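Have a look at the structure below, then the notes.
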Amino acid sequence: MPARERSTSTRRDFLKTAAVAATVPSVVGVTSCAPDSPARTRPASAPPGTDPALQADLEEALARHGVVGASAAIFANGEIRTAAAGLVNVSSGVEMTPETVMHIGSITKIFNTTLLMQMVDEGLVDLGAPVSTYLPEVRLADADHLARITVGMLVNHTSGIDGEMVPEQGHDEETIEKAIPRFAGMGKIHEPGADTSYCNTATVIAGYLCQRIRERSWYDLVKERIFQPLGMEHAAVLPEDALLHRASVGHFTDPETGEPVRTSFAFLPISFAPAGATAMMSASALVTFAAAHMADGTGPNGATILSPGSARAMRTETTRVRGEGAPIAFGLGWMLSEDGFVSHGGGGPGILANLTAHPESNVAVAVLGNSSHSGGLTNELSAKWMEEAAGVVPPAPLVRPIVDEEVDIARYAGRYENVAQIYEIAEMPGEMAGTLGVSLWAKFAFYDDTPMEPTLPIPLKPVGNDAFTFPDPEGNPTAAVMSFLDPGPDGRMTYIAQGARMVPRVD
């Protein structure tokens with residue numbers, strides 16, 4: 001691929017990834033174009049125990065999307081069907097199986113919230129109480145802001161904490177407990193409870209609360225109170241536990257060769273485990289967990305991990321994300337969408353994962369991929385299989401048509417940033433003058449392909465209501481939408497909203 005085309009693809013994929021709500025930091029996951037279907041990376045035969053129909057779908061999608069490896073499972077009619085294809089690691093050549101444990105990224109947030117709601121069931125925690133009631137040692141930059149954050153706000157993304165993630169601190173410092181003091185300098189995106197902006201740090205504080213009250217390691221709590229009761233044999237939450245299984249790693253695409261390259265590190269900072277840094281499991285284990293939630297807290301094996309009231313509360317809307325690009329609601333832990341779907345996505349170093357459930361139909365679908373561009377595969381198969389098994393289709397990503405309107409560039413221009421990333425909104429240079437553009441970069445490297453310098457600007461096309469998208473190479477509008485919110489007295493916008501995140505203007 002020519003260098004200019006690679007640059008355009010990287011910037012385009014950067015924004016597409018930023019629009020994917022509720023995975024990991026929205027600035028990460030920049031990918032080059034997907035490799036040409038690398039047949040050499042796929043095993044010649046299906047793993048034993050796979051479902052033939054699912055297997056055929058998965059192998060075809062794997063080839064078409066150029067993903068290194070993927071695993072999938074469907075829970076329907078009280079049974080689990082699985083499929084797996086490709087490799088767990090291009091460096092080792094080990095083949096993917098249904099038992100392979102794969103990263104689930106931010107889907108972990110549902111597990112973390114389950115631990116919290118178990119304490120609500122036991123009367124140990126009140127969701128309406130201030131966090132400081134239980135964790136007086138926690139500090140943020142604004143003490144008044146912290147004083148108004150309730151426990152419930154930690155798990156429905158309304159805390160307002162400007163907390164995406166913090167840089168890796170080195171192995172000896174990467175504990176959940178040691179991460180807490182690093183939050184002391186974090187500011188705020190919005191007032192507590194006044195808006196919704198996806199927050200990894202708040203999730204970590206919720207996980208820390210669980211281990212402080214239980215006086216047990218967060219990792220042990222996940223294993224003892226969720227994995228073991230539900231019989232989730234192929235699941236790990238400590239990185240070293242993954243060695244007990246056939247384990248997958250993530251991959252990126254070499255921008256020069258188009259070939260898949262194994263990630264240089266397998267985990268995000270493990271102090272962020274409650275937010276999704278470490279958990280790995282098979283797709284069948286993941287839908288087993290989802291089945292327990294759809295059954296109001298009781299797993300397929302009859303084990304109860306949550307009261308019916310708490311399970312239903314997690315699936316009940318508590319807040320809604322603003323902006324044209326993200327018609328997303330949050331319950332507690334779960335993301336909610338139209339027609340009764342609950343879901344969550346997950347990202348990590350070179351991986352993307354998707355869990356979708358439809359409680360009314362008692363159907364759950366998990367699709368896990370180990371390439372940074374797996375999103376096309378996971379979304380496509382999740383929708384196809386959900387329609388086949390439940391007769392309903394999850395809402396498709398929004399596509400907004402470009403409108404012919406004059407754009408007041410000064411209304412949107414400026415620098416918008418949070419604790420982890422920067423968006424520079426300005427007029428496009430040269431022949432594209434008069435068009436609004438965006439350049440963006442990270443403050444520290446999350447993944448191997450995270451841009452640490454400003455990307456070349458990419459034009460933004462208006463879709464109405466102070467929202468913009470950008471065309472793909474064929475000129476079709478994409479599903480990535482960037483909204484601008486809350487004009488001030490001078491008419492300039494206060495926030496960018498993309499995916500489930502709000503990023504404030506600072507200049």
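Here's how to read the names in the structure tokens: chain A, B, ... by the order shown, residue numbers from 1 in each chain, ligand numbers from 1 in the order shown.
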Problem set entry | Residue contacts of Pro457 in chain A (7 Å, only C-alpha atoms) excluding same-chain residues fewer than 3 positions away, as a PyMOL selection string | chain A and resi 428+437-439
May I have the selected residues written with N, CA, C and O atoms, as a PDB file, in the first residue's frame?
```
ATOM      1  N   MET A 428      -8.700  22.771   7.485  1.00  0.00           N
ATOM      2  CA  MET A 428      -7.792  21.974   6.672  1.00  0.00           C
ATOM      3  C   MET A 428      -6.876  22.884   5.862  1.00  0.00           C
ATOM      4  O   MET A 428      -7.277  23.970   5.440  1.00  0.00           O
ATOM      5  N   GLY A 437     -11.111  20.039   9.970  1.00  0.00           N
ATOM      6  CA  GLY A 437     -10.294  18.835  10.062  1.00  0.00           C
ATOM      7  C   GLY A 437      -9.901  18.525  11.487  1.00  0.00           C
ATOM      8  O   GLY A 437     -10.021  19.364  12.381  1.00  0.00           O
ATOM      9  N   VAL A 438      -9.424  17.303  11.706  1.00  0.00           N
ATOM     10  CA  VAL A 438      -8.988  16.868  13.024  1.00  0.00           C
ATOM     11  C   VAL A 438      -7.643  16.176  12.928  1.00  0.00           C
ATOM     12  O   VAL A 438      -7.386  15.399  12.008  1.00  0.00           O
ATOM     13  N   SER A 439      -6.768  16.490  13.861  1.00  0.00           N
ATOM     14  CA  SER A 439      -5.530  15.760  14.075  1.00  0.00           C
ATOM     15  C   SER A 439      -5.536  15.321  15.523  1.00  0.00           C
ATOM     16  O   SER A 439      -6.023  16.036  16.398  1.00  0.00           O
TER      17      SER A 439
END
```
Problem set entry | Residues within 6 Å of range 334-350 of chain A, only C-alpha atoms, excluding chain neighbours under 2 positions, as a list in words |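 Final neighbour list, sorted by chain and number: Thr23, Val24, Ile104, Gly105, Ser106, Ile107, Gly250, His251, Phe252, Ala329, Phe330, Gly331, Leu332, Leu352, Ala353, Asn354, Leu355, Thr356, Ala357, His358, Ser371, Ser372 and Tyr447 of chain A.
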Go ahead and save the residues from that selection, with N, CA, C and O atoms, as an mmCIF file, in the first residue's frame.
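The file below, result-v7.cif, is the result:
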```cif
data_model
loop_
_atom_site.group_PDB
_atom_site.id
_atom_site.type_symbol
_atom_site.label_atom_id
_atom_site.label_comp_id
_atom_site.auth_asym_id
_atom_site.auth_seq_id
_atom_site.Cartn_x
_atom_site.Cartn_y
_atom_site.Cartn_z
ATOM 1 N N THR A 23 -14.561 0.491 25.148
ATOM 2 C CA THR A 23 -13.592 -0.581 25.086
ATOM 3 C C THR A 23 -12.458 -0.209 26.005
ATOM 4 O O THR A 23 -12.460 -0.497 27.178
ATOM 5 N N VAL A 24 -11.447 0.425 25.461
ATOM 6 C CA VAL A 24 -10.342 0.955 26.237
ATOM 7 C C VAL A 24 -10.119 2.359 25.741
ATOM 8 O O VAL A 24 -10.927 2.876 24.993
ATOM 9 N N ILE A 104 -10.733 -10.296 26.855
ATOM 10 C CA ILE A 104 -12.085 -9.740 26.715
ATOM 11 C C ILE A 104 -12.102 -8.234 26.963
ATOM 12 O O ILE A 104 -13.141 -7.591 26.808
ATOM 13 N N GLY A 105 -10.979 -7.643 27.343
ATOM 14 C CA GLY A 105 -10.901 -6.199 27.518
ATOM 15 C C GLY A 105 -11.961 -5.671 28.461
ATOM 16 O O GLY A 105 -12.217 -6.229 29.541
ATOM 17 N N SER A 106 -12.633 -4.603 28.051
ATOM 18 C CA SER A 106 -13.563 -3.894 28.926
ATOM 19 C C SER A 106 -14.855 -4.642 29.212
ATOM 20 O O SER A 106 -15.648 -4.185 30.042
ATOM 21 N N ILE A 107 -15.075 -5.777 28.575
ATOM 22 C CA ILE A 107 -16.210 -6.616 28.991
ATOM 23 C C ILE A 107 -16.048 -6.982 30.463
ATOM 24 O O ILE A 107 -17.025 -7.252 31.170
ATOM 25 N N GLY A 250 -2.535 -10.639 21.063
ATOM 26 C CA GLY A 250 -3.011 -9.730 20.040
ATOM 27 C C GLY A 250 -2.019 -9.509 18.920
ATOM 28 O O GLY A 250 -0.822 -9.820 19.032
ATOM 29 N N HIS A 251 -2.529 -8.954 17.812
ATOM 30 C CA HIS A 251 -1.709 -8.686 16.634
ATOM 31 C C HIS A 251 -2.082 -7.345 16.015
ATOM 32 O O HIS A 251 -3.243 -6.932 16.048
ATOM 33 N N PHE A 252 -1.074 -6.713 15.440
ATOM 34 C CA PHE A 252 -1.260 -5.506 14.653
ATOM 35 C C PHE A 252 -0.846 -5.802 13.213
ATOM 36 O O PHE A 252 -0.325 -6.871 12.919
ATOM 37 N N ALA A 329 -27.055 3.809 26.031
ATOM 38 C CA ALA A 329 -27.464 3.972 27.421
ATOM 39 C C ALA A 329 -26.638 3.023 28.272
ATOM 40 O O ALA A 329 -26.151 1.993 27.797
ATOM 41 N N PHE A 330 -26.474 3.376 29.523
ATOM 42 C CA PHE A 330 -25.794 2.501 30.465
ATOM 43 C C PHE A 330 -26.749 2.102 31.571
ATOM 44 O O PHE A 330 -27.515 2.928 32.082
ATOM 45 N N GLY A 331 -26.699 0.827 31.923
ATOM 46 C CA GLY A 331 -27.298 0.383 33.153
ATOM 47 C C GLY A 331 -26.221 0.496 34.215
ATOM 48 O O GLY A 331 -25.618 1.553 34.415
ATOM 49 N N LEU A 332 -25.933 -0.598 34.888
ATOM 50 C CA LEU A 332 -24.796 -0.683 35.809
ATOM 51 C C LEU A 332 -23.865 -1.742 35.229
ATOM 52 O O LEU A 332 -24.167 -2.927 35.245
ATOM 53 N N LEU A 352 -9.856 -7.235 19.824
ATOM 54 C CA LEU A 352 -11.181 -6.662 20.002
ATOM 55 C C LEU A 352 -12.141 -7.796 20.327
ATOM 56 O O LEU A 352 -12.014 -8.913 19.788
ATOM 57 N N ALA A 353 -13.087 -7.528 21.218
ATOM 58 C CA ALA A 353 -14.034 -8.545 21.663
ATOM 59 C C ALA A 353 -15.427 -7.952 21.726
ATOM 60 O O ALA A 353 -15.590 -6.747 21.929
ATOM 61 N N ASN A 354 -16.428 -8.812 21.585
ATOM 62 C CA ASN A 354 -17.806 -8.334 21.623
ATOM 63 C C ASN A 354 -18.699 -9.364 22.312
ATOM 64 O O ASN A 354 -18.632 -10.564 22.020
ATOM 65 N N LEU A 355 -19.507 -8.892 23.247
ATOM 66 C CA LEU A 355 -20.517 -9.718 23.913
ATOM 67 C C LEU A 355 -21.863 -9.034 23.745
ATOM 68 O O LEU A 355 -22.030 -7.873 24.129
ATOM 69 N N THR A 356 -22.810 -9.746 23.173
ATOM 70 C CA THR A 356 -24.167 -9.223 22.979
ATOM 71 C C THR A 356 -25.167 -10.235 23.520
ATOM 72 O O THR A 356 -25.045 -11.434 23.261
ATOM 73 N N ALA A 357 -26.145 -9.750 24.279
ATOM 74 C CA ALA A 357 -27.155 -10.638 24.849
ATOM 75 C C ALA A 357 -28.537 -10.032 24.657
ATOM 76 O O ALA A 357 -28.701 -8.802 24.642
ATOM 77 N N HIS A 358 -29.526 -10.910 24.517
ATOM 78 C CA HIS A 358 -30.918 -10.486 24.383
ATOM 79 C C HIS A 358 -31.727 -11.273 25.413
ATOM 80 O O HIS A 358 -32.191 -12.386 25.147
ATOM 81 N N SER A 371 -6.836 -9.666 16.396
ATOM 82 C CA SER A 371 -6.199 -8.671 15.537
ATOM 83 C C SER A 371 -6.810 -7.306 15.855
ATOM 84 O O SER A 371 -7.990 -7.218 16.192
ATOM 85 N N SER A 372 -6.010 -6.257 15.712
ATOM 86 C CA SER A 372 -6.502 -4.930 16.088
ATOM 87 C C SER A 372 -7.639 -4.458 15.196
ATOM 88 O O SER A 372 -8.376 -3.550 15.575
ATOM 89 N N TYR A 447 -0.764 1.204 23.015
ATOM 90 C CA TYR A 447 -0.520 0.038 22.166
ATOM 91 C C TYR A 447 0.694 0.289 21.280
ATOM 92 O O TYR A 447 1.221 1.399 21.208
#
```
Taking only residues of range 358-476 of chain A that have an atom at most 10 Å from an atom of range 493-497 of chain A, what is each one's shortest atom pair and its distance in Å to one decimal, using only C-alpha atoms, in chain and number order, as CSV?
```
residue,atom,partner,partner_atom,distance
A:Ala410,CA,A:Met493,CA,9.3
A:Arg411,CA,A:Met493,CA,6.2
A:Tyr412,CA,A:Met493,CA,5.7
A:Ala413,CA,A:Met493,CA,8.3
A:Gly414,CA,A:Met493,CA,8.9
A:Arg415,CA,A:Ile496,CA,10.0
A:Tyr416,CA,A:Ile496,CA,7.1
A:Glu417,CA,A:Ile496,CA,9.1
A:Tyr423,CA,A:Ile496,CA,8.7
A:Ile425,CA,A:Ile496,CA,9.9
A:Asp466,CA,A:Met493,CA,9.3
A:Ala467,CA,A:Ala497,CA,9.1
```
At a cut-off of 10 Å, using only C-alpha atoms, what residues contact Met153 in chain A? Leave out same-chain residues fewer than 2 positions from it and give the result as a PDB file with N, CA and C atoms, in the first residue's frame.
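This is the output file part_3.pdb:
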```pdb
ATOM      1  N   LEU A 127     -25.324   1.911  46.882  1.00  0.00           N
ATOM      2  CA  LEU A 127     -24.943   2.587  45.644  1.00  0.00           C
ATOM      3  C   LEU A 127     -25.108   4.101  45.724  1.00  0.00           C
ATOM      4  N   GLY A 128     -25.998   4.571  46.583  1.00  0.00           N
ATOM      5  CA  GLY A 128     -26.232   6.004  46.699  1.00  0.00           C
ATOM      6  C   GLY A 128     -25.315   6.705  47.662  1.00  0.00           C
ATOM      7  N   ALA A 129     -24.466   5.967  48.353  1.00  0.00           N
ATOM      8  CA  ALA A 129     -23.565   6.583  49.328  1.00  0.00           C
ATOM      9  C   ALA A 129     -22.334   7.158  48.640  1.00  0.00           C
ATOM     10  N   PRO A 130     -21.773   8.225  49.168  1.00  0.00           N
ATOM     11  CA  PRO A 130     -20.528   8.756  48.599  1.00  0.00           C
ATOM     12  C   PRO A 130     -19.405   7.725  48.664  1.00  0.00           C
ATOM     13  N   VAL A 131     -18.569   7.723  47.666  1.00  0.00           N
ATOM     14  CA  VAL A 131     -17.425   6.802  47.648  1.00  0.00           C
ATOM     15  C   VAL A 131     -16.569   6.988  48.891  1.00  0.00           C
ATOM     16  N   ARG A 148     -18.890  14.358  45.977  1.00  0.00           N
ATOM     17  CA  ARG A 148     -20.226  14.190  45.406  1.00  0.00           C
ATOM     18  C   ARG A 148     -20.353  12.967  44.501  1.00  0.00           C
ATOM     19  N   ILE A 149     -19.298  12.191  44.396  1.00  0.00           N
ATOM     20  CA  ILE A 149     -19.346  10.969  43.576  1.00  0.00           C
ATOM     21  C   ILE A 149     -19.876   9.825  44.437  1.00  0.00           C
ATOM     22  N   THR A 150     -20.941   9.200  43.980  1.00  0.00           N
ATOM     23  CA  THR A 150     -21.496   8.058  44.699  1.00  0.00           C
ATOM     24  C   THR A 150     -20.932   6.759  44.144  1.00  0.00           C
ATOM     25  N   VAL A 151     -21.137   5.687  44.884  1.00  0.00           N
ATOM     26  CA  VAL A 151     -20.658   4.375  44.458  1.00  0.00           C
ATOM     27  C   VAL A 151     -21.281   3.987  43.112  1.00  0.00           C
ATOM     28  N   VAL A 155     -19.886   2.919  38.300  1.00  0.00           N
ATOM     29  CA  VAL A 155     -20.134   1.817  37.371  1.00  0.00           C
ATOM     30  C   VAL A 155     -21.178   2.140  36.309  1.00  0.00           C
ATOM     31  N   ASN A 156     -21.628   3.394  36.248  1.00  0.00           N
ATOM     32  CA  ASN A 156     -22.480   3.785  35.114  1.00  0.00           C
ATOM     33  C   ASN A 156     -21.899   4.979  34.361  1.00  0.00           C
ATOM     34  N   HIS A 157     -20.633   5.290  34.631  1.00  0.00           N
ATOM     35  CA  HIS A 157     -19.875   6.281  33.869  1.00  0.00           C
ATOM     36  C   HIS A 157     -20.418   7.698  34.010  1.00  0.00           C
ATOM     37  N   THR A 158     -20.918   8.027  35.175  1.00  0.00           N
ATOM     38  CA  THR A 158     -21.376   9.395  35.434  1.00  0.00           C
ATOM     39  C   THR A 158     -20.555  10.088  36.513  1.00  0.00           C
ATOM     40  N   SER A 159     -19.411   9.519  36.898  1.00  0.00           N
ATOM     41  CA  SER A 159     -18.593  10.118  37.960  1.00  0.00           C
ATOM     42  C   SER A 159     -17.995  11.448  37.538  1.00  0.00           C
ATOM     43  N   GLY A 160     -17.745  11.618  36.239  1.00  0.00           N
ATOM     44  CA  GLY A 160     -17.111  12.838  35.760  1.00  0.00           C
ATOM     45  C   GLY A 160     -15.613  12.868  35.913  1.00  0.00           C
ATOM     46  N   PRO A 192     -20.391  15.470  38.926  1.00  0.00           N
ATOM     47  CA  PRO A 192     -20.881  14.120  39.220  1.00  0.00           C
ATOM     48  C   PRO A 192     -22.372  13.974  38.938  1.00  0.00           C
ATOM     49  N   GLY A 193     -22.720  12.971  38.157  1.00  0.00           N
ATOM     50  CA  GLY A 193     -24.107  12.680  37.867  1.00  0.00           C
ATOM     51  C   GLY A 193     -24.755  13.588  36.838  1.00  0.00           C
ATOM     52  N   THR A 196     -22.554  11.936  31.139  1.00  0.00           N
ATOM     53  CA  THR A 196     -22.053  10.569  31.008  1.00  0.00           C
ATOM     54  C   THR A 196     -20.811  10.572  30.138  1.00  0.00           C
ATOM     55  N   ALA A 202     -12.776   5.231  37.209  1.00  0.00           N
ATOM     56  CA  ALA A 202     -13.880   4.997  38.142  1.00  0.00           C
ATOM     57  C   ALA A 202     -14.117   3.504  38.338  1.00  0.00           C
ATOM     58  N   THR A 203     -13.978   2.730  37.268  1.00  0.00           N
ATOM     59  CA  THR A 203     -14.145   1.284  37.379  1.00  0.00           C
ATOM     60  C   THR A 203     -13.078   0.678  38.271  1.00  0.00           C
ATOM     61  N   ALA A 206     -13.995   1.225  41.785  1.00  0.00           N
ATOM     62  CA  ALA A 206     -15.035   0.275  42.196  1.00  0.00           C
ATOM     63  C   ALA A 206     -14.432  -1.086  42.514  1.00  0.00           C
ATOM     64  N   THR A 318     -29.786   3.731  33.456  1.00  0.00           N
ATOM     65  CA  THR A 318     -29.535   4.740  34.477  1.00  0.00           C
ATOM     66  C   THR A 318     -29.109   6.074  33.886  1.00  0.00           C
ATOM     67  N   THR A 319     -28.561   6.042  32.681  1.00  0.00           N
ATOM     68  CA  THR A 319     -28.079   7.271  32.054  1.00  0.00           C
ATOM     69  C   THR A 319     -27.902   7.019  30.569  1.00  0.00           C
ATOM     70  N   LEU A 332     -25.933  -0.598  34.888  1.00  0.00           N
ATOM     71  CA  LEU A 332     -24.796  -0.683  35.809  1.00  0.00           C
ATOM     72  C   LEU A 332     -23.865  -1.742  35.229  1.00  0.00           C
TER      73      LEU A 332
END
```
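Here the question is which of A:Met96, A:Leu456, A:Leu268, A:Leu377 gets nearest to Gly66 in chain A using only C-alpha atoms, and that residue is A:Leu377.
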Considering only alpha helix (DSSP H) as DSSP defines it on the backbone, what residues of range 227-409 of chain A qualify? List them as a JSON list (two decimals) with C-alpha atoms, in the first residue's frame.
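Listing of result_39.json after writing:
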```
[["chain", "number", "residue", "atom", "x", "y", "z"],
["A", 228, "GLN", "CA", -15.83, -21.11, 40.16],
["A", 229, "PRO", "CA", -19.57, -21.04, 40.96],
["A", 230, "LEU", "CA", -20.47, -20.86, 37.26],
["A", 283, "ALA", "CA", -15.99, -17.54, 24.29],
["A", 284, "SER", "CA", -18.06, -20.34, 25.83],
["A", 285, "ALA", "CA", -17.09, -19.22, 29.34],
["A", 286, "LEU", "CA", -18.12, -15.68, 28.45],
["A", 287, "VAL", "CA", -21.60, -16.66, 27.24],
["A", 288, "THR", "CA", -21.98, -18.82, 30.36],
["A", 289, "PHE", "CA", -21.53, -15.65, 32.40],
["A", 290, "ALA", "CA", -23.99, -13.78, 30.16],
["A", 291, "ALA", "CA", -26.51, -16.60, 30.55],
["A", 292, "ALA", "CA", -26.39, -16.16, 34.33],
["A", 293, "HIS", "CA", -27.22, -12.48, 33.94],
["A", 294, "MET", "CA", -30.07, -13.16, 31.52],
["A", 308, "PRO", "CA", -32.71, -11.20, 40.66],
["A", 309, "GLY", "CA", -33.15, -7.59, 41.72],
["A", 310, "SER", "CA", -29.49, -6.75, 41.30],
["A", 311, "ALA", "CA", -29.23, -8.56, 37.98],
["A", 312, "ARG", "CA", -32.21, -6.65, 36.65],
["A", 313, "ALA", "CA", -30.86, -3.37, 38.05],
["A", 314, "MET", "CA", -27.67, -3.87, 36.05],
["A", 375, "GLY", "CA", -14.09, -5.16, 14.85],
["A", 376, "GLY", "CA", -15.59, -5.80, 11.44],
["A", 377, "LEU", "CA", -15.61, -9.54, 12.07],
["A", 378, "THR", "CA", -16.91, -9.40, 15.64],
["A", 379, "ASN", "CA", -19.73, -6.98, 14.82],
["A", 380, "GLU", "CA", -20.76, -8.75, 11.64],
["A", 381, "LEU", "CA", -20.95, -12.24, 13.14],
["A", 382, "SER", "CA", -22.57, -11.04, 16.36],
["A", 383, "ALA", "CA", -25.42, -9.50, 14.37],
["A", 384, "LYS", "CA", -25.79, -12.46, 12.00],
["A", 385, "TRP", "CA", -25.87, -15.10, 14.70],
["A", 386, "MET", "CA", -28.11, -13.09, 17.00],
["A", 387, "GLU", "CA", -30.64, -12.74, 14.20],
["A", 388, "GLU", "CA", -30.49, -16.47, 13.46],
["A", 389, "ALA", "CA", -30.77, -17.53, 17.11],
["A", 390, "ALA", "CA", -33.12, -14.90, 18.52],
["A", 409, "ILE", "CA", -14.98, 26.68, 11.61]]
```
Per residue of range 199-264 of chain A within 12 Å of range 136-144 of chain A, note the shortest atom pair and the distance in Å to one decimal, counting only C-alpha atoms, and order the rows by chain and increasing residue number, as a Markdown table.
```
| residue | atom | partner | partner_atom | distance |
| --- | --- | --- | --- | --- |
| A:Thr201 | CA | A:Leu140 | CA | 10.9 |
| A:Ala202 | CA | A:Leu140 | CA | 11.1 |
| A:Val204 | CA | A:Val138 | CA | 11.6 |
| A:Ile205 | CA | A:Val138 | CA | 8.4 |
| A:Ala206 | CA | A:Val138 | CA | 11.3 |
| A:Tyr208 | CA | A:Val138 | CA | 10.1 |
| A:Leu209 | CA | A:Val138 | CA | 10.1 |
| A:Arg212 | CA | A:Glu137 | CA | 11.2 |
```
For this session: Figure out the distance between CA of Phe468 in chain A and CA of Met482 in chain A, please, to one decimal in Å.
Result: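 Rounded to one decimal, the two atoms are 5.2 Å apart.
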Exercise. Between A:Val67, A:Leu146, A:Met165, A:Leu244, which one has atoms that come closest to Lys188 in chain A, using only C-alpha atoms?
Worked result: A:Leu146
Problem set entry | Long-range neighbours of Ala56 in chain A as a PyMOL selection string, 12 Å cut-off, only C-alpha atoms, 6 positions minimum in chain | chain A and resi 45-47+50+62-63+72+82-85+381
